[in-house]
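Engineer: I'd like to ask some things about the structure below.
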Amino acid sequence: MSTLRRYLRPEQIRELVLVFLIIAIALFFSTQVENYFSARFFNRISTSVAIIAVVAVGQTLVVLTRNIDLSVGSVVGFTAYFVGQQLSNNNDITPIVAALMAIGVGAALGLFNGVIVAHGRVPAIIVTLGTLALYRTLLVEYSDAQTVLTANLPEWILDLPRANIISFGDLDVRVMVGAALVVVLLFQLVLMFLPYGRRLYAIGSNPEAARIAGFPSQRIVLVAFVLCGGLAGLAGFMFLARFGNITVVAGQGIELASVAAVVVGGVNIFGGTGTMVGALLGAIMIDLLENSLIRWLEISEFWRDALLGMLILLAVATDAVIMNRLRDLWARSELQQVESEIGEHQKQEEGSYVA
């Protein structure tokens, strides 16, 4: 029992529940929609999830510090248009250079957010709500009402969404999906093993204690926003590759989808707990549910936004009521286990002393 307690934390229970719900959703809609488990539908879902998952990873870094970034949708749209225009004007730009360009532009926009939040001490929800509109306006002015067209883009970016890493019969694992999985794995390892990752948890759990402990909280929060912006920029590059035709409304709604993925995935909106794996599972569940409902009931975009809002409310309520109680019970159980082990150790020492 102690081994199970040590390796199966409340967050892992949340993730197991998400896996169960994803399987249940897929099985239910397979009985309602003809050819539900088709390769085409799998590829559509996986590519869409890849973009949201990359944004959700960056959002997780920010949320762990008790902040939020509502500007990510505008960052995705601006970087997609900016990189698309550069590629249209110069078809010789290589894929690596284009991707780094997108990450750099996104990181610069994230830096602007981070400086105001970390050093200006303005609440993140106010700052990023303002830059959500500011970056979108910047895109409108920069685009001059022009559209990036697939006809002007180099061939390699048009072929990127169909490029495969590996195939299983009719099912293909796309390069974009592989890139998203690498991002999730990389930042999960950062949270688990690097001091920066542990400090994100510490700041979110108790900012005052982290300050007393000497953590450079301002710098840590600033870096979180820069990384979030850079990942949103990478998602903008992926968005450009997937859709090709980019207008001033590109990326709208991604901020809501990323927040939904994060909170549904078990990342506490008040900071301090959560994993990248949970955020990925949240993105999978949301995108699977949305696309399944579209095929089943042909719901409108307005109802999809309503669904995201409902899932956010449900996830926050679940975390506040159920998960907090589960964490308290788990902490008490851990404390009792430690006290029991200390007691047994003391008895053994007393016995050996008497002998």
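Please note that chains go A, B, ... in the order of the structure tokens, that every chain numbers its residues from 1, and that ligands are numbered from 1 in the order shown.
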Would you give me, as an MDAnalysis selection string, the residues in region 180-280 of chain A that DSSP reads as helix (DSSP H, G or I)?

Structural biologist: chainID A and resid 180:193 195:205 207:212 217:243 254:264 276:280

Engineer: Can you tell me, as a PyMOL selection string, what residues are no more than 12 Å from Ala102 (chain A) when counting only C-alpha atoms, ignoring any on the same chain fewer than 4 positions away?

Structural biologist: chain A and resi 75-87+95-98+106-109+229-241

Engineer: Please save N, CA and C atoms of the selected residues as an mmCIF file, in the first residue's frame.

Structural biologist:
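Written out: again-v1.cif:
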data_model
loop_
_atom_site.group_PDB
_atom_site.id
_atom_site.type_symbol
_atom_site.label_atom_id
_atom_site.label_comp_id
_atom_site.auth_asym_id
_atom_site.auth_seq_id
_atom_site.Cartn_x
_atom_site.Cartn_y
_atom_site.Cartn_z
ATOM 1 N N VAL A 75 -0.939 35.808 -30.175
ATOM 2 C CA VAL A 75 0.463 35.504 -30.486
ATOM 3 C C VAL A 75 0.534 34.456 -31.589
ATOM 4 N N VAL A 76 -0.291 33.429 -31.493
ATOM 5 C CA VAL A 76 -0.346 32.397 -32.541
ATOM 6 C C VAL A 76 -0.708 33.036 -33.879
ATOM 7 N N GLY A 77 -1.748 33.876 -33.885
ATOM 8 C CA GLY A 77 -2.184 34.511 -35.130
ATOM 9 C C GLY A 77 -1.127 35.426 -35.718
ATOM 10 N N PHE A 78 -0.485 36.243 -34.869
ATOM 11 C CA PHE A 78 0.513 37.184 -35.382
ATOM 12 C C PHE A 78 1.732 36.449 -35.940
ATOM 13 N N THR A 79 2.231 35.446 -35.215
ATOM 14 C CA THR A 79 3.414 34.723 -35.696
ATOM 15 C C THR A 79 3.100 33.934 -36.960
ATOM 16 N N ALA A 80 1.894 33.355 -37.034
ATOM 17 C CA ALA A 80 1.510 32.626 -38.243
ATOM 18 C C ALA A 80 1.506 33.559 -39.448
ATOM 19 N N TYR A 81 0.936 34.761 -39.269
ATOM 20 C CA TYR A 81 0.888 35.707 -40.397
ATOM 21 C C TYR A 81 2.280 36.236 -40.721
ATOM 22 N N PHE A 82 3.048 36.609 -39.698
ATOM 23 C CA PHE A 82 4.366 37.188 -39.921
ATOM 24 C C PHE A 82 5.280 36.214 -40.659
ATOM 25 N N VAL A 83 5.353 34.973 -40.157
ATOM 26 C CA VAL A 83 6.213 33.972 -40.792
ATOM 27 C C VAL A 83 5.686 33.632 -42.186
ATOM 28 N N GLY A 84 4.358 33.560 -42.328
ATOM 29 C CA GLY A 84 3.773 33.285 -43.639
ATOM 30 C C GLY A 84 4.131 34.348 -44.660
ATOM 31 N N GLN A 85 4.121 35.602 -44.229
ATOM 32 C CA GLN A 85 4.480 36.682 -45.153
ATOM 33 C C GLN A 85 5.966 36.619 -45.530
ATOM 34 N N GLN A 86 6.817 36.313 -44.560
ATOM 35 C CA GLN A 86 8.249 36.196 -44.857
ATOM 36 C C GLN A 86 8.507 35.052 -45.839
ATOM 37 N N LEU A 87 7.814 33.942 -45.655
ATOM 38 C CA LEU A 87 7.982 32.812 -46.572
ATOM 39 C C LEU A 87 7.435 33.133 -47.955
ATOM 40 N N PRO A 95 13.071 25.366 -43.338
ATOM 41 C CA PRO A 95 12.122 25.066 -42.249
ATOM 42 C C PRO A 95 12.651 25.426 -40.862
ATOM 43 N N ILE A 96 13.925 25.130 -40.577
ATOM 44 C CA ILE A 96 14.487 25.430 -39.262
ATOM 45 C C ILE A 96 14.496 26.932 -38.999
ATOM 46 N N VAL A 97 14.905 27.697 -39.995
ATOM 47 C CA VAL A 97 14.938 29.156 -39.850
ATOM 48 C C VAL A 97 13.525 29.703 -39.635
ATOM 49 N N ALA A 98 12.555 29.190 -40.373
ATOM 50 C CA ALA A 98 11.172 29.647 -40.236
ATOM 51 C C ALA A 98 10.623 29.327 -38.847
ATOM 52 N N GLY A 106 7.365 35.024 -31.072
ATOM 53 C CA GLY A 106 6.485 34.708 -29.948
ATOM 54 C C GLY A 106 7.138 34.992 -28.614
ATOM 55 N N ALA A 107 8.434 34.665 -28.481
ATOM 56 C CA ALA A 107 9.155 34.916 -27.233
ATOM 57 C C ALA A 107 9.242 36.411 -26.942
ATOM 58 N N ALA A 108 9.418 37.215 -27.984
ATOM 59 C CA ALA A 108 9.482 38.672 -27.806
ATOM 60 C C ALA A 108 8.148 39.212 -27.283
ATOM 61 N N LEU A 109 7.045 38.714 -27.829
ATOM 62 C CA LEU A 109 5.719 39.131 -27.345
ATOM 63 C C LEU A 109 5.488 38.644 -25.917
ATOM 64 N N GLY A 229 5.296 32.466 -24.591
ATOM 65 C CA GLY A 229 5.232 33.167 -25.870
ATOM 66 C C GLY A 229 5.971 32.428 -26.969
ATOM 67 N N GLY A 230 7.155 31.880 -26.645
ATOM 68 C CA GLY A 230 7.913 31.127 -27.640
ATOM 69 C C GLY A 230 7.165 29.891 -28.122
ATOM 70 N N LEU A 231 6.515 29.190 -27.201
ATOM 71 C CA LEU A 231 5.741 28.007 -27.586
ATOM 72 C C LEU A 231 4.499 28.401 -28.384
ATOM 73 N N ALA A 232 3.883 29.527 -28.044
ATOM 74 C CA ALA A 232 2.760 30.019 -28.851
ATOM 75 C C ALA A 232 3.246 30.382 -30.260
ATOM 76 N N GLY A 233 4.473 30.908 -30.347
ATOM 77 C CA GLY A 233 5.043 31.184 -31.662
ATOM 78 C C GLY A 233 5.259 29.913 -32.461
ATOM 79 N N LEU A 234 5.768 28.869 -31.805
ATOM 80 C CA LEU A 234 5.919 27.570 -32.476
ATOM 81 C C LEU A 234 4.573 27.046 -32.945
ATOM 82 N N ALA A 235 3.545 27.212 -32.103
ATOM 83 C CA ALA A 235 2.191 26.799 -32.497
ATOM 84 C C ALA A 235 1.701 27.622 -33.682
ATOM 85 N N GLY A 236 2.112 28.909 -33.757
ATOM 86 C CA GLY A 236 1.754 29.735 -34.911
ATOM 87 C C GLY A 236 2.365 29.199 -36.196
ATOM 88 N N PHE A 237 3.605 28.738 -36.113
ATOM 89 C CA PHE A 237 4.246 28.109 -37.273
ATOM 90 C C PHE A 237 3.483 26.851 -37.696
ATOM 91 N N MET A 238 3.071 26.044 -36.712
ATOM 92 C CA MET A 238 2.296 24.834 -37.006
ATOM 93 C C MET A 238 0.932 25.189 -37.584
ATOM 94 N N PHE A 239 0.335 26.268 -37.070
ATOM 95 C CA PHE A 239 -0.960 26.749 -37.579
ATOM 96 C C PHE A 239 -0.834 27.152 -39.043
ATOM 97 N N LEU A 240 0.250 27.859 -39.378
ATOM 98 C CA LEU A 240 0.504 28.251 -40.767
ATOM 99 C C LEU A 240 0.642 27.025 -41.664
ATOM 100 N N ALA A 241 1.395 26.021 -41.191
ATOM 101 C CA ALA A 241 1.592 24.812 -41.982
ATOM 102 C C ALA A 241 0.273 24.069 -42.191
#

Engineer: Which is closer to Ala53 (chain A) than all the others in A:Glu255, A:Asp305, A:Glu290, A:Asp172, using only C-alpha atoms?

Structural biologist: A:Glu255

Engineer: Quick one: residues within 8 Å of region 185-191 of chain A, only C-alpha atoms counted, chain neighbours fewer than 4 positions away excluded, as a ChimeraX atom specification?

Structural biologist: /A:57,181,196-198,200,275-277

Engineer: Grab the CA of Pro154 (chain A) to CA of Ile246 (chain A) distance for me, in Å with one decimal place.

Structural biologist: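 Answer for the CA of Pro154 (chain A) to CA of Ile246 (chain A) separation: 14.5 Å.
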